[in-house]
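Engineer: Below you'll find the structure I mean.
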Amino acid sequence: MQRIGSPGAPAHAEADGVGTLSAPDVLEFVERAAAALVRHEALLDRLDAALGDGDHGSNMAGGFMAAIPAARAELAARPDDVGELLRLLGHTLVGSVGGASGPLYGTAFIEAGFALAGRASVGPADLATALEAGRAGLIRRGRCAVGDKTILDALDPAVRALRAGADASSPLGACIAAAAGAAAGGMRATIPLVARRGLALRLGERSRGHRDPGATSCFLLLEAMARTLGAERGR
Amino acid sequence: MSGGAAARVSALEARVRELETERRRVFEDAQREADAVFAQYQLSQLLAAGGRADEIAPAVLAEVARAAGAAGAALWLASPTGPSLALAATFPGDPGDPVGHGWAAVPSRFGDAAAAARWAAAGGWSGITLPEGRAVGRDEPGSGPAGAVGYLAVRADAAVPLEPGHARYLATVRLELAVTLRAAQLRASLAREQAILTAILEGATDAIVAVDAGRRVVRLNAAAAALVGTPARAGTGMRCSELLGCPSPSPDAGRGLDEPLPPQAAKLLCGTSCPFEEVLDAGLPIVGREIGVRHRDGTVVPVAASVSRMPVPDGGAVGVLRDLRASRSLDDAKTSFVAAVSHELRTPLALIDGYTQSLLRLDLDAVTARRHLERIAGATERLRALVDDIIDVSQLESDALALRRSPVALDGLLGAFLAERADALDARPVRLVLPRELPRVDIDATRIRQVLANLVQNAEKHAGRGAPIEVRARRLGRTTVVVTIVDGGRGIAAEDRDHVFERFYRGGRARDGQVPGSGLGLYLCRRIVEAHGGWIRLDATTRGTSISLGLPIAVADAGPGRVPAEGRP
């Protein structure tokens with residue numbers, strides 16, 4: 001099924017031969033992400049109960065579900081600006097995802113959107129630049145570093161993998177799949193870490209042995225992105 | 001396109017770039033504001049999670065330090081009772097290097113927050129006092145600040161300056177920090193206090209029952225649960241009348257009792273006047289009032305009730321109920337002891353008196369006078385023995401039984417003892433049964449003789465005329481020799497068997513005055529044998545009485561129990 005793409009250009013053009021991300025893909029990503037978060041809501045809540053206040057799953061699922069109609073409306077109003085769509089998604093998430101995750105993920109999307117302002121479609125290198133900007137926003141707002149047992153521990157390896165893929169001129173689908181794989185590794189690597197940020201901070205050594213719920217939801221988002229672009233490539 | 005137009009286009013392009021830069025700057029300002037708000041949100045979330053002060057202090061300090069951009073930070077807290085501050089947390093948290101490389105060591109104590117502030121200012125730290133709220137009810141003017149909860153200091157290092165807004169941030173969070181940390185401290189001391197009080201309450205042997213203003217039970221301790229036969233969990237929430245089995249079912253029913261009270265329940269708590277109600281009404285405490293409570297099985301237990309109002313706003317009262325049964329039965333026993341002892345004292349005294357009067361008033365021949373004097377000597381001996389018993393018991397009560405132990409050959413001791421007794425035994429047959437070999441025992445020979453004398457005398461007294469008495473000894477295992485005194489008398493009534501070794505206890509016939517005695521003999525025996533680390537017990541017999549005592553074998557003779565070789569001399 002052919003989806004609506006940017007007017008004046010073939011939908012999901014592969015002009016440079018590596019694939020692009022366009023505004024409709026952003027909507028599909030939000031829908032896939034919301035579905036994945038709802039599916040794993042209980043798991044995320046359970047992970048968060050060990051380290052925080054046990055509501056990360058319900059906060060993320062609720063926030064992304066709420067972001068779907070906002071993203072759809074925005075896409076209809078402005079079907080050719082990936083950056084603006086991501087930025088407005090970020091603003092929605094700041095308000096719709098409860099707890100600290102809303103401002104953190106929201107900031108990342110806002111900064112990523114700024115990096116892609118005015119672009120109708122983006123390739124691997126631009127997407128890597130956007131995710132690097134998102135990562136910088138997350139680091140600034142969360143005052144966190146890699147190894148603090150946070151979202152960043154999944155996001156950082158993903159951004160590096162994406163950049164490496166872009167540098168090697170890999171197709172976009174492969175780049176983002178590699179990024180999701182790296183995020184999974186980063187997520188698993190949070191288990192032995194001692195938390196240095198957020199509510200888990202008060203647990204000190206007792207935070208060891210638990211997987212970080214933020215890193216887990218970050219992996220789910222990258223996985224949703226990979227499925228979005230992978231499905232496109234399969235058509 | 002004219003040159004002028006081109007210039008205008010490039011001017012407009014420059015203007016667009018300018019506006020874009022402006023937009024980016026405004027956005028970045030807004031993001032910085034958002035960052036500050038988010039930092040405060042994260043701190044509040046951490047503070048709201050609660051916990052013990054020593055647990056949350058490091059986390060809170062790390063959060064504050066990150067938000068202020070500090071390379072190092074330290075937090076000192078005052079205890080709720082004094083102004084002096086103790087180091088509670090440092091950032092980074094490495095205890096060996098509390099504030100990072102090249103920095104002066106952080107003091108672990110300050111006399112007060114002002115001293116901490118002076119130290120911080122001198123060392124280039126940026127710090128805040130966490131202020132103590134004014135104590136409730138102490139708002140007289142001019143009393144000044146009520147002290148400090150603590151002091152928090154942050155510092156940059158050469159490479160990384162503090163956030164520009166760090167001072168404002170610290171000022172914003174200091175009240176929240178102060179309140180949370182002090183609350184955590186108070187919670188901890190409250191929990192400690194509560195644990196101590198619970199231990200005292202549950203360890204108390206007196207029943208303790210607390211009721212609210214509506215006389216519903218809010219707490220009862222283990223002793224109270226046992227007293228009324230209702231588990232503490234089930235008893236909580238009951239009306240006090242229901243828990244204590246008072247005839248008046250509810251305080252609202254007033255004095256109008258529907259059914260007549262059974263005689264023994266006439267003094268139940270609510271039966272006359274409920275002390276809880278009285279205290280809640282009048283406020284004056286009640287001390288040691290004797291009343292009754294009813295166990296679930298129906299028995300009425302006499303108690304001494306002391307009730308006082310609880311000094312809390314929503315009222316209530318707490319009652320301490322001392323079970324009087326034990327002291328009453330001890331009182332009973334003491335009374336009968338006094339009666340028995342006076343009887344025992346009076347009999348020989350009367351004898352002595354009678355014979356002395358005869359000697360004084362009559363002109364007796366030498367033989368008669370001699371017989372009178374012998375009787376007086378005999379009565380005096382009985383008196384002396386009785387007084388010795390009384391003294392021994394009072395010594396035992398004060399735990400002053402000093403033993404002079406040595407290895408003693410029991411066969412020799414028993415033989416000599418029975419030979420001495422032979423004259424006084426009025427030709428009663430006493431058989432001594434000994435194995436061929438018996439290890440020595442580690443005993444105070446004088447004390448154990450006293451025990452044997454008591455037991456043999458008992459056998460004589462209670463077994464009836466002509467009943468045979470037997471004393472046996474045998475080795476039991478590696479450490480004990482058992483001596484058994486058996487008589488073929490009437491034995492001990494089943495209801496008395498469990499009590500014969502108790503102080504002042506006398507069996508049924510003895511209580512009826514048929515047999516002389518003070519009720520101290522077997523009690524003394526038990527205490528003396530137990531002081532040796534041994535035991536004494538009534539053996540199960542179908543006829544007569546058999547009492548055994550276990551005595552410890554002397555260390556030199558201890559070892560695997562040897563079976564005596566057959567046919568050895």
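Following the order of the structure tokens, first chain is A, next is B, and so on, with residues numbered from 1 inside each chain and ligands from 1 in the order they appear.
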Report as a ChimeraX atom specification the set of chain B residues whose atoms approach chain A to within 9 Å, with distances computed over only C-alpha atoms.

Structural biologist: /B:31-32,34-36,38-39,41-43,45-46,49,51,55-60,62-63,66-67

Engineer: Can you tell me, as a VMD selection string, what residues are no more than 8 Å from A:Leu162 when counting only C-alpha atoms, ignoring any on the same chain fewer than 2 positions away?

Structural biologist: chain A and resid 124 128 158 to 160 164 to 166 175 to 176 178 to 179

Engineer: Can I get the selection written as a short mmCIF file (atom, residue, chain, number, x, y, z; two decimals), in the first residue's frame, with C-alpha atoms?

Structural biologist:
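File written: selection.cif
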```cif
data_model
loop_
_atom_site.label_atom_id
_atom_site.label_comp_id
_atom_site.auth_asym_id
_atom_site.auth_seq_id
_atom_site.Cartn_x
_atom_site.Cartn_y
_atom_site.Cartn_z
CA PRO A 124 21.37 8.27 7.73
CA ALA A 128 22.65 10.63 13.16
CA ALA A 158 22.65 3.60 19.52
CA VAL A 159 23.75 7.06 18.33
CA ARG A 160 27.32 5.85 17.90
CA ALA A 164 29.17 4.58 12.22
CA GLY A 165 26.60 3.18 9.79
CA ALA A 166 26.13 6.57 8.16
CA CYS A 175 21.85 1.85 10.22
CA ILE A 176 18.81 2.13 12.47
CA ALA A 178 22.28 -1.53 14.14
CA ALA A 179 21.36 1.38 16.42
#
```

Engineer: Please return, as a ChimeraX atom specification, all residues of stretch 43-191 of chain A that DSSP assigns to alpha helix (DSSP H) on the basis of the backbone.

Structural biologist: /A:43-51,56-77,82-96,101-115,124-142,152-167,172-188
